[in-house]
Every structure is written in structure tokens, then in C-alpha cells.
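**Student:** Pasting a structure below so you can have a look.
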Amino acid sequence: MGLGRAANPLGAALRVAFAAVVVAAFVVDLWTLDSSASRVALVAVAGIAVAGVAWARWTRSTTVVALVVSVLSIVATIDAPGQSVRFALFTELAVFPVLFGVLLSGGPRSRWVLAGLVAFAGEGISLRSPDAPIRAIVAISMLVLLGTACSAVVYIRLRDIERRSSIDLARQNERLDLARELHDVVGHHVTGIVVLAQASRFTAAAAADPVATDQAMAAIEAAGIETLTSIRRLVGLLRTDAPVAAPPGLAEIEALVTDQQRTHPLTGLVVDEQLRRHWVPADLATTIQRIAQEATTNVRKHGDPAQPVVFTLRQQGSTIEFAAENGVLRSARGEGFGITGMRERVDALGGTFQADSCAGRWFVRTELPLRVAQS
């Protein structure tokens, strides 16, 4: 609520506007006061105007200014002769609501006492008039202004809470996305390393083909380097505001299939010509890549290398379909984080996801609406 808390250009403009309103209100009060007004009342109102303009320049002096203007206002009320309906009030109507709102918005614990003092002094202005209807009008006017200031503070607080909640939710979603990506990337490559290491053990034990052993070791080295590169990239996203990488293309999907052929030679990818000519939007491309990556990881963990593995990617009207099917060597127990992550990604885009086994083969089918990504 404090004018000094706003951005510098806007805060300066608000402070100047507030000072101008205070000066204008004081000029009106000078014109309103008649000859029966005492010097005490005139000095008090002038002091309130000076304090208001000073506070517009030094907004950190809220506590002192609130105390000064409250005391001056109470003195002016006590000194009022009570014989004229013409008395000063516009300066206080301009200064008190602003100070009241600033005090409520934050600061030391004494702000509550000072806010009550400001409200008491503001409502006391009505006692300067001898006429009951005038007193009621002035009291209600000040009450409305103070209530407006209080409502503004509550609104700003609620907006601030909403903004912080949105930031916390965005951070939580970002952590979940990073957790999924770590699982997808690291799980995919590390699984490949394990499979290659197991293969190299049998090759080394046979000791019949040193060239095959060297190739297996080279593949393990390449997979390890790729894993480290992926981890460094994710850590870099956490530590810096690096520009977002380009969305994955069809080449990345084909690279996953090619890499899969090292452990499952009968792996193939079927892509319709429409998608080869016009690739999917960025958000769908990332989701398809992650699903394909998780599917290849599951094939390495549970798939039978002797059976064919078929990946299918095609467009049916306004729907992108991705499917993976492979023979099962050993079944997984329950639904792991990988399947859950794929399901969440697809649900977020309004698509459908299915993963199950049938007749000794495991399949993953996904349908993603193309219109969601383009809207």
C-alpha cells in the first residue's frame, strides 16, 4: 500500500499526486475557514498539510507523521468553538485515509495503535460542527474513506497471496517436470549401459571375439558420455537462465530407434509421409520424444531381443498417434514412475494413454489432439 513501495516511476507519480491533493485540500480549507476560526485550528490544519507533503517526500516517516497529524487534528477539534458550520476538514480527509491504509499494510507492531489513533482523530473532526446532521455527514464520509483504504489493503494482500501461491505452484510443477525428465533421460541411458555391460560380461567370458568385446566397451563408453551430457544439461537449466533448446524433431525419434537396435536388432519405426513433411508442434514433439524414450527404456528392461519391436507414428485427422509394441521377456511389477510420467504428460495435453500386455506382447498407445497444440 505504501507509495514508496511501488516501482520508481509510478511511485514518484503517486507521491507527487498525493502532495498536490493535500495542497489543494489545504487551499480549500483556507477558503472555508471564516473569521471565527482560531489561530490554533489554522496552525493545526497547516501543520497537517505540511506533514502530509513531507510524508510524500519521505515515505519512511509514516510513524512520526501519523502521530503528528493525529495530535494536531485532536487539538484542532478540542479548540473548535462549536459555533460555526464552516470548519477545516478537507486536508484531513485527504491525509488520514492514506496514512491509515499505509499503517495497515505493514510495519512495526505499534502501527495498530497508530492506525486506531488516526481513525479516532479522523472521526473526531465531526465534533467541530454544532449541527447534528453535519456531524453525521462528516463522520460517515470519514468512515467511508477509511473503509475504502482498508479494502484496498485487503485487496492488495489477497493479490499478493495469490501471486505467491502461483509462484509456488509454478516452482512445484517445474520440479515435477525436472524429476520426470531426469527419470526419462537418465533412466534411458543408464538402462542401456546396464544392458551393454551385461552383454560385455558374456562376451568377455567367451573370450572368443575380442573385436566384439571392444565394440561393447565402446558402446558403454558412448552411453556413459551421453548420460553425463544429459545430466550437465539439466543441472545447467537449474543453475542458469539459459535459452530454451529447440524442440525435438523426427530425427531424435529415429535416433532412439537406431540406438535401440544395438540391444534389440528387430526394432523398426513406421512414420507416415504426412508427418515426415510436416512435423508436430513443439509441445507435442517434446511429449512424443519423452514417450518414445520411456518406451525404449521399457523395451530394454523387459523386452525380448529375439522378437520384433515396432514403433508407429502417424497422423489421423486432428490426432497424432504414437504406438510401441514388443515381445515381453519378463513382466514389470506394477506401474512405475515412467508409465505414470507418460500418462501425466498425455493427460496434460488432453490426450489418451494406454499401456498393457496382451498375448505375450507389451504395447503402449497414445493419442494426442493436434488442435490443442495449435490453439
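Chains: A, B, ... in order of the C-alpha cells. Residues: from 1 per chain. Ligands: from 1, in order shown.
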If we count only C-alpha atoms, what is near stretch 23-35 of chain A at a cut-off of 10 Å, once residues fewer than 4 positions away on the same chain are taken out, given as a ChimeraX atom specification?
**Tutor:** /A:17-19,41-42,45-46,48-50,52-53,84-95
**Student:** Write out as a ChimeraX atom specification which residues come within 7 Å of A:Ser70 when counting only C-alpha atoms, dropping same-chain ones fewer than 5 positions away.
**Tutor:** /A:117-118,121
**Student:** For the atom pair atom CA of A:Arg343 and atom CA of A:Pro265, what is the interatomic distance in Å to one decimal place?
**Tutor:**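 Computing the Euclidean distance for atom CA of A:Arg343 and atom CA of A:Pro265 yields 27.7 Å.
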**Student:** Give the alpha helix (DSSP H) residues of stretch 15-88 of chain A, as DSSP finds them on the backbone, and put them as an MDAnalysis selection string.
**Tutor:** chainID A and resid 15:32 39:57 62:79
**Student:** How would the residues just picked look written out with C-alpha atoms as an mmCIF file, in the first residue's frame?
**Tutor:**
data_model
loop_
_atom_site.group_PDB
_atom_site.id
_atom_site.type_symbol
_atom_site.label_atom_id
_atom_site.label_comp_id
_atom_site.auth_asym_id
_atom_site.auth_seq_id
_atom_site.Cartn_x
_atom_site.Cartn_y
_atom_site.Cartn_z
ATOM 1 C CA ARG A 15 3.726 10.820 -4.354
ATOM 2 C CA VAL A 16 3.507 13.980 -6.455
ATOM 3 C CA ALA A 17 -0.231 13.436 -6.977
ATOM 4 C CA PHE A 18 -0.789 12.924 -3.244
ATOM 5 C CA ALA A 19 1.159 16.088 -2.377
ATOM 6 C CA ALA A 20 -0.848 18.058 -4.947
ATOM 7 C CA VAL A 21 -4.138 16.792 -3.461
ATOM 8 C CA VAL A 22 -3.015 17.772 0.052
ATOM 9 C CA VAL A 23 -2.040 21.279 -1.087
ATOM 10 C CA ALA A 24 -5.349 21.695 -2.947
ATOM 11 C CA ALA A 25 -7.312 20.481 0.085
ATOM 12 C CA PHE A 26 -5.454 22.950 2.337
ATOM 13 C CA VAL A 27 -6.266 25.824 -0.044
ATOM 14 C CA VAL A 28 -9.955 24.836 0.118
ATOM 15 C CA ASP A 29 -9.761 24.758 3.925
ATOM 16 C CA LEU A 30 -8.276 28.272 3.999
ATOM 17 C CA TRP A 31 -11.135 29.478 1.844
ATOM 18 C CA THR A 32 -13.670 27.624 4.018
ATOM 19 C CA ARG A 39 -5.287 30.517 15.232
ATOM 20 C CA VAL A 40 -4.837 27.141 16.899
ATOM 21 C CA ALA A 41 -7.139 25.480 14.369
ATOM 22 C CA LEU A 42 -5.415 27.271 11.484
ATOM 23 C CA VAL A 43 -1.941 26.267 12.695
ATOM 24 C CA ALA A 44 -3.101 22.684 13.264
ATOM 25 C CA VAL A 45 -4.520 22.315 9.761
ATOM 26 C CA ALA A 46 -1.419 23.942 8.260
ATOM 27 C CA GLY A 47 0.767 21.520 10.231
ATOM 28 C CA ILE A 48 -1.235 18.562 8.935
ATOM 29 C CA ALA A 49 -0.809 19.797 5.365
ATOM 30 C CA VAL A 50 2.948 20.258 5.815
ATOM 31 C CA ALA A 51 3.271 16.808 7.405
ATOM 32 C CA GLY A 52 1.328 15.235 4.543
ATOM 33 C CA VAL A 53 3.535 16.849 1.887
ATOM 34 C CA ALA A 54 6.653 15.898 3.860
ATOM 35 C CA TRP A 55 5.493 12.299 4.076
ATOM 36 C CA ALA A 56 5.014 12.235 0.296
ATOM 37 C CA ARG A 57 8.730 13.058 0.044
ATOM 38 C CA THR A 62 4.952 7.111 8.408
ATOM 39 C CA THR A 63 5.039 6.509 12.168
ATOM 40 C CA VAL A 64 6.117 10.036 13.052
ATOM 41 C CA VAL A 65 3.768 11.699 10.551
ATOM 42 C CA ALA A 66 0.790 9.624 11.716
ATOM 43 C CA LEU A 67 1.422 10.603 15.327
ATOM 44 C CA VAL A 68 1.903 14.302 14.492
ATOM 45 C CA VAL A 69 -1.190 14.694 12.306
ATOM 46 C CA SER A 70 -3.353 12.780 14.782
ATOM 47 C CA VAL A 71 -2.299 15.019 17.687
ATOM 48 C CA LEU A 72 -2.748 18.187 15.618
ATOM 49 C CA SER A 73 -6.202 17.061 14.483
ATOM 50 C CA ILE A 74 -7.299 16.279 18.041
ATOM 51 C CA VAL A 75 -6.009 19.679 19.214
ATOM 52 C CA ALA A 76 -7.940 21.411 16.407
ATOM 53 C CA THR A 77 -11.094 19.513 17.376
ATOM 54 C CA ILE A 78 -10.770 20.422 21.063
ATOM 55 C CA ASP A 79 -10.120 24.060 20.205
#
**Student:** Taking the DSSP secondary structure from the backbone, can you list the residues of stretch 295-348 of chain A that are strand (DSSP E or B), as a VMD selection string?
**Tutor:** chain A and resid 303 309 to 316 319 to 328
**Student:** Using the selection just defined, write its residues with N, CA, C and O atoms as a compact mmCIF listing (two decimals), in the first residue's frame.
**Tutor:**
# COMPACT_ATOMS: atom_id res chain seq x y z
N GLY A 303 11.90 -56.22 -22.61
CA GLY A 303 11.61 -56.75 -23.94
C GLY A 303 12.48 -57.93 -24.31
O GLY A 303 13.62 -58.08 -23.85
N VAL A 309 10.34 -55.34 -32.46
CA VAL A 309 9.86 -54.17 -31.73
C VAL A 309 9.41 -53.14 -32.78
O VAL A 309 10.20 -52.76 -33.64
N VAL A 310 8.16 -52.71 -32.69
CA VAL A 310 7.59 -51.83 -33.71
C VAL A 310 7.13 -50.54 -33.06
O VAL A 310 6.32 -50.55 -32.12
N PHE A 311 7.66 -49.43 -33.57
CA PHE A 311 7.21 -48.09 -33.17
C PHE A 311 6.45 -47.50 -34.36
O PHE A 311 6.94 -47.53 -35.49
N THR A 312 5.29 -46.94 -34.07
CA THR A 312 4.44 -46.37 -35.12
C THR A 312 4.09 -44.93 -34.76
O THR A 312 3.70 -44.64 -33.63
N LEU A 313 4.22 -44.05 -35.74
CA LEU A 313 3.92 -42.64 -35.55
C LEU A 313 3.16 -42.15 -36.78
O LEU A 313 3.70 -42.18 -37.90
N ARG A 314 1.93 -41.70 -36.56
CA ARG A 314 1.13 -41.28 -37.70
C ARG A 314 0.12 -40.22 -37.27
O ARG A 314 -0.16 -40.05 -36.08
N GLN A 315 -0.43 -39.53 -38.26
CA GLN A 315 -1.45 -38.52 -38.02
C GLN A 315 -2.77 -38.97 -38.62
O GLN A 315 -2.86 -39.33 -39.79
N GLN A 316 -3.80 -38.95 -37.75
CA GLN A 316 -5.15 -39.30 -38.19
C GLN A 316 -6.05 -38.07 -37.99
O GLN A 316 -6.54 -37.83 -36.89
N THR A 319 -5.47 -35.77 -34.90
CA THR A 319 -4.90 -36.55 -33.81
C THR A 319 -3.56 -37.14 -34.23
O THR A 319 -3.41 -37.64 -35.35
N ILE A 320 -2.60 -37.06 -33.32
CA ILE A 320 -1.30 -37.68 -33.52
C ILE A 320 -1.27 -38.97 -32.71
O ILE A 320 -1.53 -38.97 -31.50
N GLU A 321 -0.98 -40.08 -33.39
CA GLU A 321 -0.96 -41.38 -32.73
C GLU A 321 0.47 -41.89 -32.65
O GLU A 321 1.21 -41.88 -33.64
N PHE A 322 0.84 -42.34 -31.46
CA PHE A 322 2.14 -43.00 -31.26
C PHE A 322 1.90 -44.33 -30.58
O PHE A 322 1.15 -44.42 -29.60
N ALA A 323 2.54 -45.39 -31.11
CA ALA A 323 2.36 -46.72 -30.55
C ALA A 323 3.70 -47.44 -30.53
O ALA A 323 4.56 -47.22 -31.39
N ALA A 324 3.87 -48.26 -29.52
CA ALA A 324 5.06 -49.11 -29.39
C ALA A 324 4.60 -50.50 -28.98
O ALA A 324 3.77 -50.64 -28.09
N GLU A 325 5.17 -51.52 -29.64
CA GLU A 325 4.78 -52.90 -29.34
C GLU A 325 6.01 -53.79 -29.38
O GLU A 325 6.85 -53.66 -30.28
N ASN A 326 6.14 -54.64 -28.40
CA ASN A 326 7.30 -55.52 -28.31
C ASN A 326 6.96 -56.78 -27.54
O ASN A 326 6.01 -56.81 -26.75
N GLY A 327 7.74 -57.82 -27.78
CA GLY A 327 7.60 -59.04 -27.01
C GLY A 327 8.14 -58.87 -25.61
O GLY A 327 9.08 -58.10 -25.38
N VAL A 328 7.54 -59.59 -24.66
CA VAL A 328 7.90 -59.44 -23.26
C VAL A 328 8.77 -60.61 -22.83
O VAL A 328 8.38 -61.78 -22.99
**Student:** Work out how far atom CA of A:Leu284 is from atom CA of A:Thr366, in Å to one decimal.
**Tutor:** 11.5 Å
**Student:** Could you tell me how far atom CA of A:Ala152 sits from atom CA of A:Ala115, in Å to one decimal place?
**Tutor:**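 Between atom CA of A:Ala115 and atom CA of A:Ala152 the gap is 15.0 Å.
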**Student:** Rank nothing, just name the residue among A:Ala132, A:Ile161, A:Leu250, A:Val98 nearest to A:Thr148, using only C-alpha atoms.
**Tutor:**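 Looking only at the distances to A:Thr148, the closest residue turns out to be A:Val98.
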**Student:** Would you list the contacts of A:Leu103 as a list in words, taking every protein, DNA or RNA residue within 10 Å and counting only C-alpha atoms, but skipping same-chain residues closer than 4 positions in sequence?
**Tutor:**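 Near neighbours after the sequence-gap exclusion: Met1, Gly2, Thr62, Thr63, Ala66, Pro97, Val98, Leu99, Gly107, Pro108, Arg109, Ser110, Arg111, Trp112, Val113, Leu114, Ala115, Gly116, Val118, Cys150 and Val153 of chain A.
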**Student:** Can you write out the residues you just picked, keeping N, CA and C atoms, as a compact mmCIF listing (two decimals), in the first residue's frame?
**Tutor:**
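For reference, again_31.txt as written:
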# COMPACT_ATOMS: atom_id res chain seq x y z
N MET A 1 0.83 -1.21 0.00
CA MET A 1 0.00 0.00 0.00
C MET A 1 0.86 1.25 0.00
N GLY A 2 2.07 1.18 0.59
CA GLY A 2 2.93 2.35 0.68
C GLY A 2 3.30 2.86 -0.69
N THR A 62 6.39 7.32 8.19
CA THR A 62 4.95 7.11 8.41
C THR A 62 4.58 7.19 9.88
N THR A 63 5.37 6.55 10.74
CA THR A 63 5.04 6.51 12.17
C THR A 63 5.00 7.90 12.78
N ALA A 66 2.10 10.04 11.22
CA ALA A 66 0.79 9.62 11.72
C ALA A 66 0.55 10.14 13.13
N PRO A 97 -6.97 8.96 5.36
CA PRO A 97 -7.18 7.63 4.75
C PRO A 97 -5.91 7.01 4.20
N VAL A 98 -5.05 7.84 3.60
CA VAL A 98 -3.80 7.31 3.05
C VAL A 98 -2.89 6.79 4.16
N LEU A 99 -2.73 7.58 5.21
CA LEU A 99 -1.91 7.13 6.33
C LEU A 99 -2.51 5.88 6.98
N GLY A 107 4.56 -2.87 8.84
CA GLY A 107 5.42 -2.03 9.65
C GLY A 107 5.55 -2.58 11.06
N PRO A 108 5.99 -1.76 12.00
CA PRO A 108 6.14 -2.23 13.38
C PRO A 108 4.79 -2.56 14.01
N ARG A 109 4.86 -3.23 15.17
CA ARG A 109 3.62 -3.61 15.85
C ARG A 109 2.84 -2.38 16.33
N SER A 110 3.53 -1.29 16.56
CA SER A 110 2.84 -0.08 17.02
C SER A 110 1.92 0.50 15.96
N ARG A 111 1.98 -0.04 14.72
CA ARG A 111 1.14 0.52 13.65
C ARG A 111 -0.33 0.36 13.96
N TRP A 112 -0.71 -0.70 14.71
CA TRP A 112 -2.11 -0.91 15.02
C TRP A 112 -2.62 0.18 15.97
N VAL A 113 -1.78 0.56 16.93
CA VAL A 113 -2.16 1.65 17.85
C VAL A 113 -2.26 2.96 17.09
N LEU A 114 -1.29 3.21 16.21
CA LEU A 114 -1.30 4.45 15.45
C LEU A 114 -2.48 4.49 14.48
N ALA A 115 -2.79 3.32 13.86
CA ALA A 115 -3.94 3.28 12.95
C ALA A 115 -5.23 3.59 13.70
N GLY A 116 -5.36 3.07 14.93
CA GLY A 116 -6.53 3.40 15.74
C GLY A 116 -6.58 4.87 16.11
N VAL A 118 -5.27 7.36 14.33
CA VAL A 118 -5.65 8.09 13.10
C VAL A 118 -7.15 8.01 12.88
N CYS A 150 -8.95 0.57 3.89
CA CYS A 150 -8.83 -0.78 4.45
C CYS A 150 -9.12 -1.84 3.39
N VAL A 153 -6.17 -2.24 1.10
CA VAL A 153 -5.10 -3.02 1.71
C VAL A 153 -5.42 -4.51 1.65
**Student:** Hey, which of A:Asp356, A:His264, A:Ser105, A:Gln172 ends up closest to A:Leu158? Count only C-alpha atoms.
**Tutor:**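 Checking each candidate against A:Leu158, we get A:Ser105 as the closest.
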**Student:** Rank A:Ala12, A:Ala170, A:Ala80, A:Val257 by their smallest atom-to-atom distance to A:Ser38, using only C-alpha atoms, and report the top residue only.
**Tutor:** A:Ala80
**Student:** Looking at only C-alpha atoms, which of A:Gln307, A:Arg171, A:Ile253, A:Pro248 is the one that sits closest to A:Thr286?
**Tutor:** A:Pro248
